[in-house]
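Have a look at work28.cif below; it lists mmCIF, C-alpha atoms.
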```
data_query
#
loop_
_atom_site.label_atom_id
_atom_site.label_comp_id
_atom_site.auth_asym_id
_atom_site.auth_seq_id
_atom_site.Cartn_x
_atom_site.Cartn_y
_atom_site.Cartn_z
CA MET W 125 -11.77 -5.79 -6.67
CA LYS W 126 -14.14 -5.88 -3.71
CA LEU W 127 -14.44 -8.99 -1.55
CA ILE W 128 -18.08 -9.53 -2.53
CA TYR W 129 -17.10 -9.68 -6.21
CA TYR W 130 -14.45 -12.31 -5.45
CA ILE W 131 -17.07 -14.37 -3.63
CA ILE W 132 -19.60 -14.10 -6.48
CA LEU W 133 -16.96 -14.97 -9.09
CA ARG W 134 -15.82 -18.06 -7.21
CA ILE W 135 -19.37 -19.18 -6.53
CA THR W 136 -20.14 -18.83 -10.24
CA LEU W 137 -17.12 -20.88 -11.28
CA ALA W 138 -17.76 -23.58 -8.68
CA LEU W 139 -21.46 -23.77 -9.55
CA THR W 140 -20.68 -24.04 -13.27
CA LEU W 141 -18.31 -26.94 -12.66
CA ILE W 142 -20.68 -28.73 -10.29
CA LEU W 143 -23.71 -28.38 -12.57
CA THR W 144 -21.74 -29.50 -15.63
CA VAL W 145 -20.55 -32.67 -13.88
CA TRP W 146 -24.02 -33.26 -12.49
CA ALA W 147 -25.64 -32.84 -15.94
CA VAL W 148 -23.28 -35.36 -17.55
CA PHE W 149 -23.80 -37.84 -14.72
CA PHE W 150 -27.58 -37.35 -14.80
CA TYR W 151 -27.74 -37.83 -18.57
CA VAL W 152 -25.59 -40.98 -18.56
CA THR W 153 -27.48 -42.46 -15.60
CA MET W 154 -30.90 -41.73 -17.08
CA ILE W 155 -30.00 -43.14 -20.51
CA ASP W 156 -28.57 -46.25 -18.85
CA GLU W 157 -31.77 -46.71 -16.84
CA VAL W 158 -33.98 -46.23 -19.89
CA ASN W 159 -31.89 -48.70 -21.90
CA ASP W 160 -32.05 -51.21 -19.07
CA GLU W 161 -35.86 -51.06 -18.93
CA VAL W 162 -36.16 -51.31 -22.71
CA ASP W 163 -33.67 -54.20 -22.84
CA ASP W 164 -35.71 -56.14 -20.27
CA SER W 165 -38.80 -55.65 -22.41
CA LEU W 166 -36.96 -56.77 -25.55
CA GLU W 167 -35.65 -59.85 -23.79
CA ASP W 168 -39.14 -60.87 -22.72
CA TYR W 169 -40.47 -60.29 -26.22
CA SER W 170 -37.64 -62.22 -27.87
CA GLU W 171 -37.98 -65.07 -25.36
CA THR W 172 -41.67 -65.46 -26.26
CA ILE W 173 -40.88 -65.63 -29.98
CA ILE W 174 -38.05 -68.16 -29.47
CA ILE W 175 -40.21 -70.43 -27.29
CA ARG W 176 -42.96 -70.47 -29.92
CA ALA W 177 -40.49 -71.03 -32.72
CA LEU W 178 -38.90 -74.02 -30.94
CA ALA W 179 -42.30 -75.44 -30.00
CA GLY W 180 -43.52 -75.19 -33.59
CA GLU W 181 -46.34 -72.90 -32.62
CA GLU W 182 -47.62 -70.04 -34.69
CA LEU W 183 -45.44 -66.97 -34.34
CA PRO W 184 -47.03 -63.69 -33.28
CA SER W 185 -47.68 -60.98 -35.79
CA LYS W 186 -44.61 -59.02 -36.76
CA ASN W 187 -46.45 -55.96 -35.57
CA ASN W 188 -48.48 -56.48 -32.40
CA GLY W 189 -49.95 -52.98 -32.26
CA SER W 190 -47.35 -51.70 -29.80
CA ASN W 191 -44.90 -50.73 -32.55
CA ASN W 192 -42.70 -53.68 -31.54
CA GLN W 193 -41.26 -55.48 -34.53
CA TYR W 194 -39.21 -58.61 -35.11
CA TYR W 195 -37.38 -60.31 -37.97
CA LEU W 196 -36.46 -64.00 -37.95
CA LYS W 197 -34.12 -65.57 -40.48
CA GLU W 198 -32.07 -68.74 -40.77
CA ILE W 199 -28.28 -68.40 -40.84
CA THR W 200 -25.35 -70.72 -41.29
CA GLU W 201 -23.43 -72.28 -38.43
CA GLU W 202 -20.31 -70.34 -39.37
CA CYS W 203 -22.20 -67.07 -39.32
CA ALA W 204 -23.80 -67.93 -35.98
CA LYS W 205 -20.47 -68.75 -34.36
CA SER W 206 -18.88 -65.51 -35.64
CA GLN W 207 -21.43 -63.35 -33.85
CA GLU W 208 -22.23 -62.75 -30.21
CA ASP W 209 -25.30 -64.56 -28.86
CA ILE W 210 -26.97 -61.29 -27.75
CA GLN W 211 -26.35 -57.79 -29.09
CA TYR W 212 -27.99 -54.46 -28.23
CA LYS W 213 -27.83 -51.29 -30.29
CA ASP W 214 -29.67 -48.07 -31.04
CA SER W 215 -30.83 -47.44 -34.58
CA MET W 216 -33.64 -46.03 -36.69
CA VAL W 217 -36.54 -48.25 -37.80
CA TYR W 218 -39.49 -47.65 -40.08
CA ILE W 219 -42.92 -47.76 -38.37
CA VAL W 220 -45.52 -48.94 -40.89
CA GLU W 221 -48.54 -47.56 -39.01
CA LYS W 222 -46.97 -44.11 -38.70
CA GLU W 223 -45.23 -44.30 -42.04
CA GLU W 224 -42.15 -42.68 -40.57
CA THR W 225 -38.77 -43.55 -39.17
CA GLU W 226 -38.23 -43.37 -35.44
CA PRO W 227 -35.38 -44.19 -33.07
CA ALA W 228 -35.54 -47.69 -31.66
CA ARG W 229 -33.70 -50.08 -29.39
CA ILE W 230 -32.74 -53.29 -31.20
CA LEU W 231 -31.89 -56.73 -29.76
CA THR W 232 -30.23 -59.33 -31.96
CA THR W 233 -29.92 -62.90 -30.64
CA ILE W 234 -28.82 -66.26 -32.08
CA PHE W 235 -30.57 -69.59 -31.23
CA LYS W 236 -30.60 -73.17 -32.52
CA ASP W 237 -33.67 -75.38 -32.98
CA ASN W 238 -34.00 -79.09 -32.26
CA GLU W 239 -32.85 -79.99 -35.78
CA GLY W 240 -29.57 -78.09 -35.37
CA ARG W 241 -30.46 -75.15 -37.56
CA TYR W 242 -29.37 -71.64 -36.52
CA TYR W 243 -31.64 -68.61 -36.56
CA GLU W 244 -31.04 -64.91 -36.06
CA LEU W 245 -33.84 -63.04 -34.29
CA THR W 246 -33.94 -59.26 -34.43
CA VAL W 247 -36.39 -57.53 -32.09
CA SER W 248 -36.94 -53.78 -31.99
CA THR W 249 -39.05 -51.44 -29.96
CA PRO W 250 -39.38 -47.64 -30.23
CA SER W 251 -37.15 -45.72 -27.84
CA ILE W 252 -36.80 -42.14 -26.69
CA GLU W 253 -35.18 -39.63 -29.00
CA LYS W 254 -31.89 -39.11 -27.21
CA ASP W 255 -30.98 -35.96 -29.13
CA ASP W 256 -34.23 -34.39 -27.99
CA LEU W 257 -33.57 -35.63 -24.47
CA LYS W 258 -30.07 -34.16 -24.55
CA SER W 259 -31.41 -30.80 -25.78
CA ALA W 260 -34.11 -30.82 -23.10
CA ILE W 261 -31.53 -31.56 -20.42
CA GLN W 262 -29.31 -28.75 -21.66
CA VAL W 263 -32.20 -26.28 -21.57
CA TRP W 264 -33.22 -27.29 -18.07
CA ILE W 265 -29.62 -27.32 -16.88
CA ILE W 266 -29.18 -23.74 -18.11
CA PHE W 267 -32.46 -22.73 -16.46
CA LEU W 268 -31.48 -24.49 -13.25
CA TYR W 269 -28.02 -22.93 -13.36
CA VAL W 270 -29.36 -19.40 -13.84
CA ALA W 271 -32.01 -19.85 -11.15
CA LEU W 272 -29.56 -21.34 -8.67
CA LEU W 273 -26.92 -18.75 -9.46
CA LEU W 274 -29.32 -15.85 -8.94
CA CYS W 275 -30.64 -17.32 -5.71
CA ILE W 276 -27.16 -18.06 -4.39
CA ILE W 277 -25.85 -14.61 -5.37
CA ILE W 278 -28.82 -12.82 -3.78
CA ILE W 279 -28.55 -14.88 -0.60
CA SER W 280 -24.74 -14.56 -0.53
CA VAL W 281 -24.85 -10.79 -1.00
CA TRP W 282 -27.50 -10.42 1.70
CA VAL W 283 -25.62 -12.65 4.13
CA PHE W 284 -22.31 -10.99 3.27
CA TYR W 285 -23.50 -7.43 3.83
CA ARG W 286 -25.48 -8.46 6.88
CA ASN W 287 -22.49 -10.10 8.54
CA MET W 288 -19.83 -7.70 7.22
CA ARG W 289 -21.70 -4.54 8.26
CA PRO W 290 -19.35 -3.90 11.25
CA LEU W 291 -16.38 -3.98 8.86
CA TYR W 292 -17.96 -1.38 6.57
CA VAL W 293 -18.80 0.82 9.55
CA LEU W 294 -15.17 0.65 10.66
CA LEU W 295 -13.87 1.38 7.14
CA HIS W 296 -16.20 4.36 6.81
CA TRP W 297 -15.00 5.72 10.16
CA LEU W 298 -11.34 5.25 9.21
CA ASP W 299 -11.89 6.96 5.82
CA GLY W 300 -13.30 10.04 7.52
CA TYR W 301 -10.76 10.13 10.35
CA GLN W 302 -8.29 13.02 10.27
CA THR W 303 -5.35 13.02 12.63
CA GLY W 304 -5.11 16.09 14.81
CA LYS W 305 -8.74 17.11 14.30
CA LYS W 306 -11.91 16.53 16.28
CA ASN W 307 -13.36 13.23 15.05
CA LYS W 308 -16.52 11.34 15.86
CA PRO W 309 -16.06 8.39 18.25
CA LEU W 310 -16.28 4.90 16.80
CA LYS W 311 -19.74 3.39 17.41
CA ASN W 312 -19.61 -0.15 16.08
CA ASP W 313 -21.28 -2.59 18.46
CA THR W 314 -21.05 -6.19 17.26
CA ARG W 315 -21.24 -9.70 18.71
CA ILE W 316 -18.63 -11.04 16.27
CA THR W 317 -15.36 -11.66 18.12
CA GLU W 318 -13.09 -10.92 15.13
CA PHE W 319 -14.73 -7.56 14.47
CA ARG W 320 -14.56 -6.59 18.15
CA LYS W 321 -10.83 -7.30 18.07
CA LEU W 322 -10.50 -5.31 14.85
CA ASN W 323 -12.33 -2.35 16.43
CA ASP W 324 -10.03 -2.47 19.45
CA ALA W 325 -6.93 -2.66 17.22
CA ALA W 326 -8.12 0.32 15.15
CA ALA W 327 -8.84 2.34 18.30
CA ARG W 328 -5.38 1.57 19.69
CA TYR W 329 -3.80 2.50 16.37
CA VAL W 330 -5.67 5.82 16.27
CA ASP W 331 -4.72 6.64 19.86
CA ARG W 332 -1.09 5.87 19.09
CA THR W 333 -1.22 8.02 15.97
CA GLU W 334 -2.69 10.94 17.92
CA GLN W 335 0.04 10.64 20.56
CA MET W 336 2.76 10.57 17.91
CA PHE W 337 1.15 13.52 16.15
CA GLU W 338 1.10 15.57 19.33
CA GLN W 339 4.69 14.59 20.09
CA GLN W 340 5.73 15.61 16.59
CA LYS W 341 3.94 18.95 16.92
CA GLN W 342 5.71 19.60 20.21
CA PHE W 343 9.04 18.60 18.70
CA ILE W 344 8.53 20.94 15.75
CA GLY W 345 7.58 23.78 18.05
CA ASN W 346 10.53 23.15 20.34
CA ALA W 347 12.91 22.80 17.41
CA SER W 348 11.64 26.04 15.92
CA HIS W 349 12.40 27.86 19.16
CA GLU W 350 15.46 26.03 20.49
CA ILE W 351 17.40 25.80 17.22
CA GLN W 352 16.67 29.26 15.87
CA THR W 353 17.80 30.96 19.07
CA PRO W 354 21.39 29.58 19.17
CA LEU W 355 21.71 30.11 15.42
CA ALA W 356 20.77 33.78 15.86
CA ILE W 357 23.25 34.12 18.72
CA CYS W 358 26.02 32.60 16.61
CA ARG W 359 25.27 34.99 13.74
CA ASN W 360 25.31 37.99 16.06
CA ARG W 361 28.64 36.95 17.59
CA LEU W 362 30.15 36.46 14.17
CA GLU W 363 28.93 39.89 13.11
CA MET W 364 30.52 41.39 16.22
CA LEU W 365 33.79 39.57 15.47
CA MET W 366 33.78 40.82 11.88
CA GLU W 367 33.67 44.42 13.21
CA ASP W 368 37.02 43.90 14.90
CA ASP W 369 39.63 46.03 13.07
CA SER W 370 42.46 43.80 14.21
CA LEU W 371 41.32 40.90 12.01
CA SER W 372 43.34 40.11 8.93
CA GLU W 373 41.74 39.91 5.52
CA ASN W 374 41.95 36.08 5.50
CA GLN W 375 40.35 35.84 8.94
CA LEU W 376 37.56 38.19 7.92
CA GLU W 377 36.94 36.14 4.79
CA GLU W 378 36.70 32.92 6.82
CA LEU W 379 34.26 34.56 9.25
CA MET W 380 32.12 35.72 6.33
CA LYS W 381 32.02 32.17 4.94
CA THR W 382 31.01 30.84 8.35
CA HIS W 383 28.32 33.51 8.60
CA GLN W 384 26.96 32.52 5.18
CA THR W 385 26.89 28.88 6.26
CA LEU W 386 24.89 29.78 9.37
CA GLU W 387 22.51 31.81 7.23
CA TYR W 388 22.05 28.77 5.00
CA ILE W 389 21.45 26.51 8.01
CA THR W 390 18.90 28.99 9.36
CA LYS W 391 17.01 29.04 6.06
CA LEU W 392 17.21 25.25 5.79
CA ASN W 393 15.89 24.81 9.32
CA LYS W 394 12.97 27.15 8.67
CA SER W 395 12.14 25.34 5.41
CA LEU W 396 12.25 21.89 7.02
CA LEU W 397 10.06 23.05 9.89
CA LEU W 398 7.57 24.57 7.47
CA LEU W 399 7.57 21.38 5.40
CA SER W 400 6.92 19.29 8.51
CA LYS W 401 4.05 21.51 9.58
CA ILE W 402 2.50 21.26 6.11
CA ASP W 403 2.84 17.46 6.03
CA ASN W 404 1.28 17.26 9.51
CA GLY W 405 -1.69 19.37 8.44
CA GLN W 406 -1.13 22.05 11.07
CA PHE W 407 -2.48 24.84 8.82
CA THR W 408 -6.21 24.33 9.29
CA ASP W 409 -7.59 27.86 9.03
CA THR W 410 -8.76 28.65 5.50
CA LYS W 411 -10.37 31.58 3.74
CA ASP W 412 -10.89 32.93 0.23
CA VAL W 413 -7.55 34.20 -1.06
CA ASP W 414 -7.03 36.41 -4.11
CA LEU W 415 -3.71 35.21 -5.56
CA ASN W 416 -3.53 38.22 -7.91
CA VAL W 417 -3.31 40.63 -4.97
CA LEU W 418 -0.83 38.51 -3.02
CA LEU W 419 1.42 38.09 -6.04
CA LYS W 420 1.65 41.82 -6.72
CA GLN W 421 2.29 42.48 -3.04
CA TYR W 422 5.41 40.28 -2.86
CA LEU W 423 6.62 40.67 -6.43
CA GLU W 424 8.00 44.15 -5.85
CA ASP W 425 10.15 42.92 -2.94
CA TYR W 426 11.72 40.21 -5.09
CA LYS W 427 12.34 42.68 -7.93
CA GLU W 428 14.38 44.85 -5.56
CA VAL W 429 16.34 41.90 -4.16
CA TYR W 430 17.27 40.52 -7.59
CA ASP W 431 17.53 43.85 -9.37
CA TYR W 432 21.22 43.19 -10.10
CA LYS W 433 20.24 40.37 -12.49
CA ASN W 434 18.28 42.75 -14.77
CA ILE W 435 15.36 40.31 -15.09
CA GLU W 436 12.29 41.58 -16.95
CA VAL W 437 9.01 40.65 -15.22
CA SER W 438 5.57 40.83 -16.84
CA ILE W 439 2.13 39.83 -15.55
CA THR W 440 -0.80 38.94 -17.80
CA GLU W 441 -4.06 38.97 -15.84
CA GLN W 442 -6.89 37.38 -17.80
CA ALA W 443 -9.03 37.01 -14.66
CA ASP W 444 -8.80 36.88 -10.85
CA PHE W 445 -7.66 33.52 -9.49
CA HIS W 446 -9.35 32.86 -6.13
CA VAL W 447 -8.65 29.81 -3.96
CA THR W 448 -9.88 28.74 -0.55
CA MET W 449 -6.81 27.94 1.53
CA ASN W 450 -4.66 29.02 4.44
CA GLU W 451 -3.30 32.51 3.75
CA SER W 452 0.15 31.74 5.17
CA LEU W 453 0.44 28.75 2.86
CA ALA W 454 -0.73 30.86 -0.10
CA ILE W 455 2.06 33.34 0.64
CA ALA W 456 4.61 30.53 0.92
CA LEU W 457 3.34 29.03 -2.32
CA LEU W 458 3.72 32.22 -4.36
CA THR W 459 7.00 33.37 -2.79
CA ASN W 460 8.65 29.99 -3.34
CA LEU W 461 7.69 30.03 -7.03
CA LEU W 462 8.82 33.67 -7.35
CA LYS W 463 12.14 32.92 -5.67
CA ASN W 464 12.60 29.84 -7.88
CA ALA W 465 11.98 31.93 -11.00
CA PHE W 466 14.56 34.57 -9.93
CA VAL W 467 17.23 32.27 -8.46
CA HIS W 468 17.31 29.85 -11.39
CA ASN W 469 17.07 32.56 -14.04
CA VAL W 470 19.89 34.04 -16.12
CA ASP W 471 21.16 37.60 -16.14
CA GLY W 472 19.02 39.67 -18.49
CA GLY W 473 16.38 36.95 -18.62
CA HIS W 474 12.66 37.31 -18.15
CA ILE W 475 9.76 36.04 -16.05
CA ARG W 476 6.25 35.89 -17.50
CA ILE W 477 3.35 35.29 -15.13
CA ILE W 478 -0.03 34.41 -16.63
CA ILE W 479 -3.13 34.38 -14.42
CA THR W 480 -6.51 32.96 -15.50
CA ARG W 481 -9.68 32.23 -13.56
CA HIS W 482 -8.50 28.71 -12.68
CA SER W 483 -4.70 28.79 -12.95
CA ILE W 484 -1.49 30.75 -12.50
CA THR W 485 1.63 29.97 -14.55
CA PHE W 486 5.23 31.09 -13.92
CA ARG W 487 7.35 31.01 -17.09
CA ASN W 488 11.03 31.92 -16.77
CA THR W 489 14.24 31.63 -18.74
CA GLY W 490 17.10 29.61 -17.30
CA GLU W 491 18.92 26.45 -18.27
CA LYS W 492 18.38 25.56 -21.90
CA GLN W 493 17.53 21.93 -21.06
CA PRO W 494 14.32 20.76 -19.35
CA LEU W 495 14.50 19.54 -15.77
CA ASP W 496 13.69 16.01 -14.66
CA GLU W 497 9.92 15.95 -14.22
CA ASN W 498 10.12 12.86 -11.98
CA GLN W 499 12.52 14.43 -9.46
CA ILE W 500 11.98 18.16 -9.65
CA PHE W 501 9.55 18.23 -6.70
CA GLU W 502 11.65 15.95 -4.51
CA ARG W 503 13.44 17.39 -1.51
CA PHE W 504 16.96 18.75 -2.09
CA TYR W 505 16.75 18.24 -5.87
CA GLN W 506 18.27 21.34 -7.48
CA GLY W 507 19.64 20.35 -10.86
CA HIS W 508 22.63 22.67 -10.83
CA LYS W 509 23.40 24.20 -7.44
CA LYS W 510 22.33 27.84 -7.13
CA GLU W 511 23.48 30.26 -4.44
CA GLY W 512 20.74 31.03 -1.93
CA SER W 513 18.76 27.89 -2.72
CA THR W 514 18.08 25.20 -0.09
CA GLY W 515 16.57 22.70 -2.52
CA LEU W 516 13.29 22.64 -0.58
CA GLY W 517 11.32 25.41 -2.30
CA LEU W 518 9.61 23.24 -4.91
CA ALA W 519 9.12 20.41 -2.40
CA ILE W 520 7.29 22.86 -0.13
CA THR W 521 5.25 24.10 -3.11
CA ASP W 522 4.30 20.53 -4.00
CA SER W 523 3.28 19.73 -0.40
CA ILE W 524 1.13 22.87 -0.20
CA CYS W 525 -0.62 22.02 -3.48
CA ARG W 526 -1.33 18.45 -2.36
CA LEU W 527 -2.65 19.68 0.99
CA GLN W 528 -4.89 22.33 -0.59
CA GLN W 529 -6.14 20.08 -3.45
CA LEU W 530 -4.37 22.06 -6.18
CA ASN W 531 -2.66 20.71 -9.30
CA LEU W 532 1.04 21.52 -9.75
CA ARG W 533 2.67 20.81 -13.12
CA TYR W 534 6.10 21.47 -14.63
CA TYR W 535 6.84 21.54 -18.35
CA PHE W 536 9.48 23.00 -20.67
CA GLU W 537 8.11 25.03 -23.58
CA GLN W 538 9.68 27.46 -26.05
CA GLY W 539 12.90 27.62 -24.04
CA GLU W 540 11.01 28.51 -20.83
CA HIS W 541 10.62 26.58 -17.60
CA CYS W 542 6.93 26.58 -16.75
CA PHE W 543 5.28 25.92 -13.38
CA GLU W 544 1.48 25.86 -13.48
CA ILE W 545 -0.86 25.82 -10.48
CA SER W 546 -4.50 25.09 -11.23
CA SER W 547 -7.61 24.25 -9.26
CA LYS W 548 -9.11 20.75 -9.55
CA ASN W 549 -12.66 22.04 -10.07
#
```
Hey, can you dump this file as structure tokens for me?
Amino acid sequence: MKLIYYIILRITLALTLILTVWAVFFYVTMIDEVNDEVDDSLEDYSETIIIRALAGEELPSKNNGSNNQYYLKEITEECAKSQEDIQYKDSMVYIVEKEETEPARILTTIFKDNEGRYYELTVSTPSIEKDDLKSAIQVWIIFLYVALLLCIIIISVWVFYRNMRPLYVLLHWLDGYQTGKKNKPLKNDTRITEFRKLNDAAARYVDRTEQMFEQQKQFIGNASHEIQTPLAICRNRLEMLMEDDSLSENQLEELMKTHQTLEYITKLNKSLLLLSKIDNGQFTDTKDVDLNVLLKQYLEDYKEVYDYKNIEVSITEQADFHVTMNESLAIALLTNLLKNAFVHNVDGGHIRIIITRHSITFRNTGEKQPLDENQIFERFYQGHKKEGSTGLGLAITDSICRLQQLNLRYYFEQGEHCFEISSKN
């Protein structure tokens, strides 16, 4: 999730909590204030009635035109002492003039006249409809919440993108940066100290990466030259020794084993160097390559080499499969899959190659059990060891496909091991 979405989510949650607490507090405070004002009015009204009642004066009309009402009745001393002197409550009262029931605030008080008689005075006055008030507050709270949220989100997004622009410029530059190639310089002027430090750190990292890349390229080149030369010399000396007629059969056999080991080391060295070059992206030249033509060109050589295994090879061309890639890598890709199909095949087996417009599939007989799909493209994974195999062929194939944006898939079907290369378009 992007940083801006985290910010919006947290603002939304915080704003919801704050507005909910504020709405409850506002409602309670407002109702308390309304009740306080109404209670003061009821106290004044009840005080006037009590004074007149004690003075023996004529009591006011039970309805004075303001919808205020009162009820006065005599009660016993026991009843008076069992109740509180003043009570407030909310209830519904019937308004004669309106002929309807409305919410009202009611005051009930107990007083005693000069003759020792107790009276209960109930005074009521119309009040606000609190359910309606609660609904109105909820509506306005929702409106206020939505309005505030939209304003805060718009302002936050604007401020965020405005202030984080140097970060996005840096990220865009890093996304397009390719080690070992000519890249655009970083132009990201900013007055923000943290972003200036981040730009400097990224520039130092890139410079260090370029230095390491160049060092690795030099090492690979030196290794390719320095290691292959002594290996070739050793092989030549062994071959000269094996021509000596004075050698015994056991000595000659040991020399042949040593020669085979050197041959294996030579192949392994070449494969590792090729793999390193592929991983470092040193094959930059690309062109349109017809895999049908390349396959036929190298297939005949492999048929001759593995002719002793009596493997039947067939090609089904449904269309020409063209890819844009480095030609050397295309050759390595096809030859590695061809070699894999021959080396891991059985005597008298077969290889079926199917070519379509967007894919090429190698299907060969071999072991009767499928290989491990999770490890088959790892380096030095071979399943059962085969003579002449370094364990790097499929790893090289996988690296080439990833570099050239091709899909490589293995599956076991109808007793055949299948390797499919397809374009991502």
Correct to one decimal, the distance CA of Tyr301 in chain W-CA of Val330 in chain W is 8.9 Å
Could you state which residues are captured by the PyMOL selection byres ((chain W and resi 229) around 6) in this file, as a list in words?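 Here the PyMOL selection byres ((chain W and resi 229) around 6) matches Asp214, Ala228, Ile230, Ser248, Thr249 and Ser251 of chain W.
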Let me see the file: selected residues, C-alpha atoms, as an mmCIF file, keeping the file's coordinate frame.
```cif
data_model
loop_
_atom_site.group_PDB
_atom_site.id
_atom_site.type_symbol
_atom_site.label_atom_id
_atom_site.label_comp_id
_atom_site.auth_asym_id
_atom_site.auth_seq_id
_atom_site.Cartn_x
_atom_site.Cartn_y
_atom_site.Cartn_z
ATOM 1 C CA ASP W 214 -29.670 -48.070 -31.040
ATOM 2 C CA ALA W 228 -35.540 -47.690 -31.660
ATOM 3 C CA ILE W 230 -32.740 -53.290 -31.200
ATOM 4 C CA SER W 248 -36.940 -53.780 -31.990
ATOM 5 C CA THR W 249 -39.050 -51.440 -29.960
ATOM 6 C CA SER W 251 -37.150 -45.720 -27.840
#
```
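For the pair CA of Arg359 in chain W and CA of Leu458 in chain W, the interatomic distance is 28.3 Å.
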On this structure, which residues satisfy the PyMOL selection byres ((chain W and resi 419-426) around 12), written as a PyMOL selection string? chain W and resi 413-418+427-441+444-446+454-467+475+477-479+484-486
Using all atoms listed in the file: which of W:Gln262, W:Ser483, W:Thr153, W:Asn469 has the shortest distance to Ala443 in chain W: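 That would be W:Ser483, the residue with the smallest distance to Ala443 in chain W.
The space separating CA of Ile234 in chain W from CA of Asp209 in chain W comes to 5.1 Å.
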Counting all atoms listed in the file, closest pick from W:Ile520, W:Leu398, W:Met288, W:Leu298 relative to Arg315 in chain W is W:Met288
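For the residues W:Glu334, W:Glu239, W:Glu367, W:Glu244, ranking by smallest atom-to-atom distance to Gln211 in chain W using all atoms listed in the file places W:Glu244 first.
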May I have the residues within 9 Å of Val162 in chain W as an mmCIF file with C-alpha atoms, in the frame of the given file, using only C-alpha atoms and disregarding those fewer than 2 positions away in the same chain?
```
data_model
loop_
_atom_site.group_PDB
_atom_site.id
_atom_site.type_symbol
_atom_site.label_atom_id
_atom_site.label_comp_id
_atom_site.auth_asym_id
_atom_site.auth_seq_id
_atom_site.Cartn_x
_atom_site.Cartn_y
_atom_site.Cartn_z
ATOM 1 C CA GLU W 157 -31.770 -46.710 -16.840
ATOM 2 C CA VAL W 158 -33.980 -46.230 -19.890
ATOM 3 C CA ASN W 159 -31.890 -48.700 -21.900
ATOM 4 C CA ASP W 160 -32.050 -51.210 -19.070
ATOM 5 C CA ASP W 164 -35.710 -56.140 -20.270
ATOM 6 C CA SER W 165 -38.800 -55.650 -22.410
ATOM 7 C CA LEU W 166 -36.960 -56.770 -25.550
ATOM 8 C CA GLU W 167 -35.650 -59.850 -23.790
ATOM 9 C CA ARG W 229 -33.700 -50.080 -29.390
ATOM 10 C CA THR W 249 -39.050 -51.440 -29.960
ATOM 11 C CA PRO W 250 -39.380 -47.640 -30.230
ATOM 12 C CA SER W 251 -37.150 -45.720 -27.840
#
```
Extract, using all atoms listed in the file, all DNA, RNA and protein residues at most 12 Å from Leu379 in chain W, discarding same-chain residues fewer than 2 positions from it, and format them as a PyMOL selection string. chain W and resi 358-368+371-377+381-386
For the file shown, report as an MDAnalysis selection string the outcome of the PyMOL selection byres ((chain W and resi 490-492) around 8) at residue level. chainID W and resid 468:470 473 488:489 493:494 539:541
Identify, on the basis of only C-alpha atoms, every residue whose closest approach to Tyr169 in chain W does not exceed 10 Å; exclude the query and any residue fewer than 5 positions from it along the same chain; express the result as an NGL selection string. :W and (163-164 or 174 or 192-194 or 231 or 247-249)
Filtering to C-alpha atoms, could you give me those residues as a short mmCIF file (atom, residue, chain, number, x, y, z; two decimals), in the coordinates of the input?
```cif
data_model
loop_
_atom_site.label_atom_id
_atom_site.label_comp_id
_atom_site.auth_asym_id
_atom_site.auth_seq_id
_atom_site.Cartn_x
_atom_site.Cartn_y
_atom_site.Cartn_z
CA ASP W 163 -33.67 -54.20 -22.84
CA ASP W 164 -35.71 -56.14 -20.27
CA ILE W 174 -38.05 -68.16 -29.47
CA ASN W 192 -42.70 -53.68 -31.54
CA GLN W 193 -41.26 -55.48 -34.53
CA TYR W 194 -39.21 -58.61 -35.11
CA LEU W 231 -31.89 -56.73 -29.76
CA VAL W 247 -36.39 -57.53 -32.09
CA SER W 248 -36.94 -53.78 -31.99
CA THR W 249 -39.05 -51.44 -29.96
#
```
Each residue of range 214-298 of chain W lying at most 9 Å from range 125-135 of chain W should get a row with its shortest atom-to-atom pair and the distance in Å to one decimal, counting only C-alpha atoms; could you produce that, ordered by chain and increasing number, as CSV?
```
residue,atom,partner,partner_atom,distance
W:Leu273,CA,W:Ile135,CA,8.1
W:Ile276,CA,W:Ile135,CA,8.2
W:Ile277,CA,W:Ile132,CA,6.4
W:Ser280,CA,W:Ile132,CA,7.9
W:Val281,CA,W:Ile128,CA,7.1
W:Phe284,CA,W:Ile128,CA,7.3
W:Tyr285,CA,W:Ile128,CA,8.6
```
Nearest to Tyr242 in chain W: which of W:Thr200, W:Thr410, W:Gln339, W:Gln207 is it, counting all atoms listed in the file?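 When distances to Tyr242 in chain W are compared using all atoms listed in the file, the smallest one comes from W:Thr200.
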Selected residue of minimal separation from Leu516 in chain W among W:Thr225, W:Thr333, W:Ser170, W:Asn393, counting only C-alpha atoms: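 Answer, going by the shortest atom-to-atom distance: W:Asn393.
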Within 12 Å of (-29.1, -39.6, -19.1) in the file's own coordinates, which protein, DNA or RNA residues have an atom, counting all atoms listed in the file? List them as a list in words. Trp146, Ala147, Val148, Phe149, Phe150, Tyr151, Val152, Thr153, Met154, Ile155, Asp156, Glu157, Val158, Asn159, Asp160, Ile252, Glu253, Lys254, Asp255, Asp256, Leu257, Lys258, Ser259, Ala260, Ile261 and Gln262 of chain W
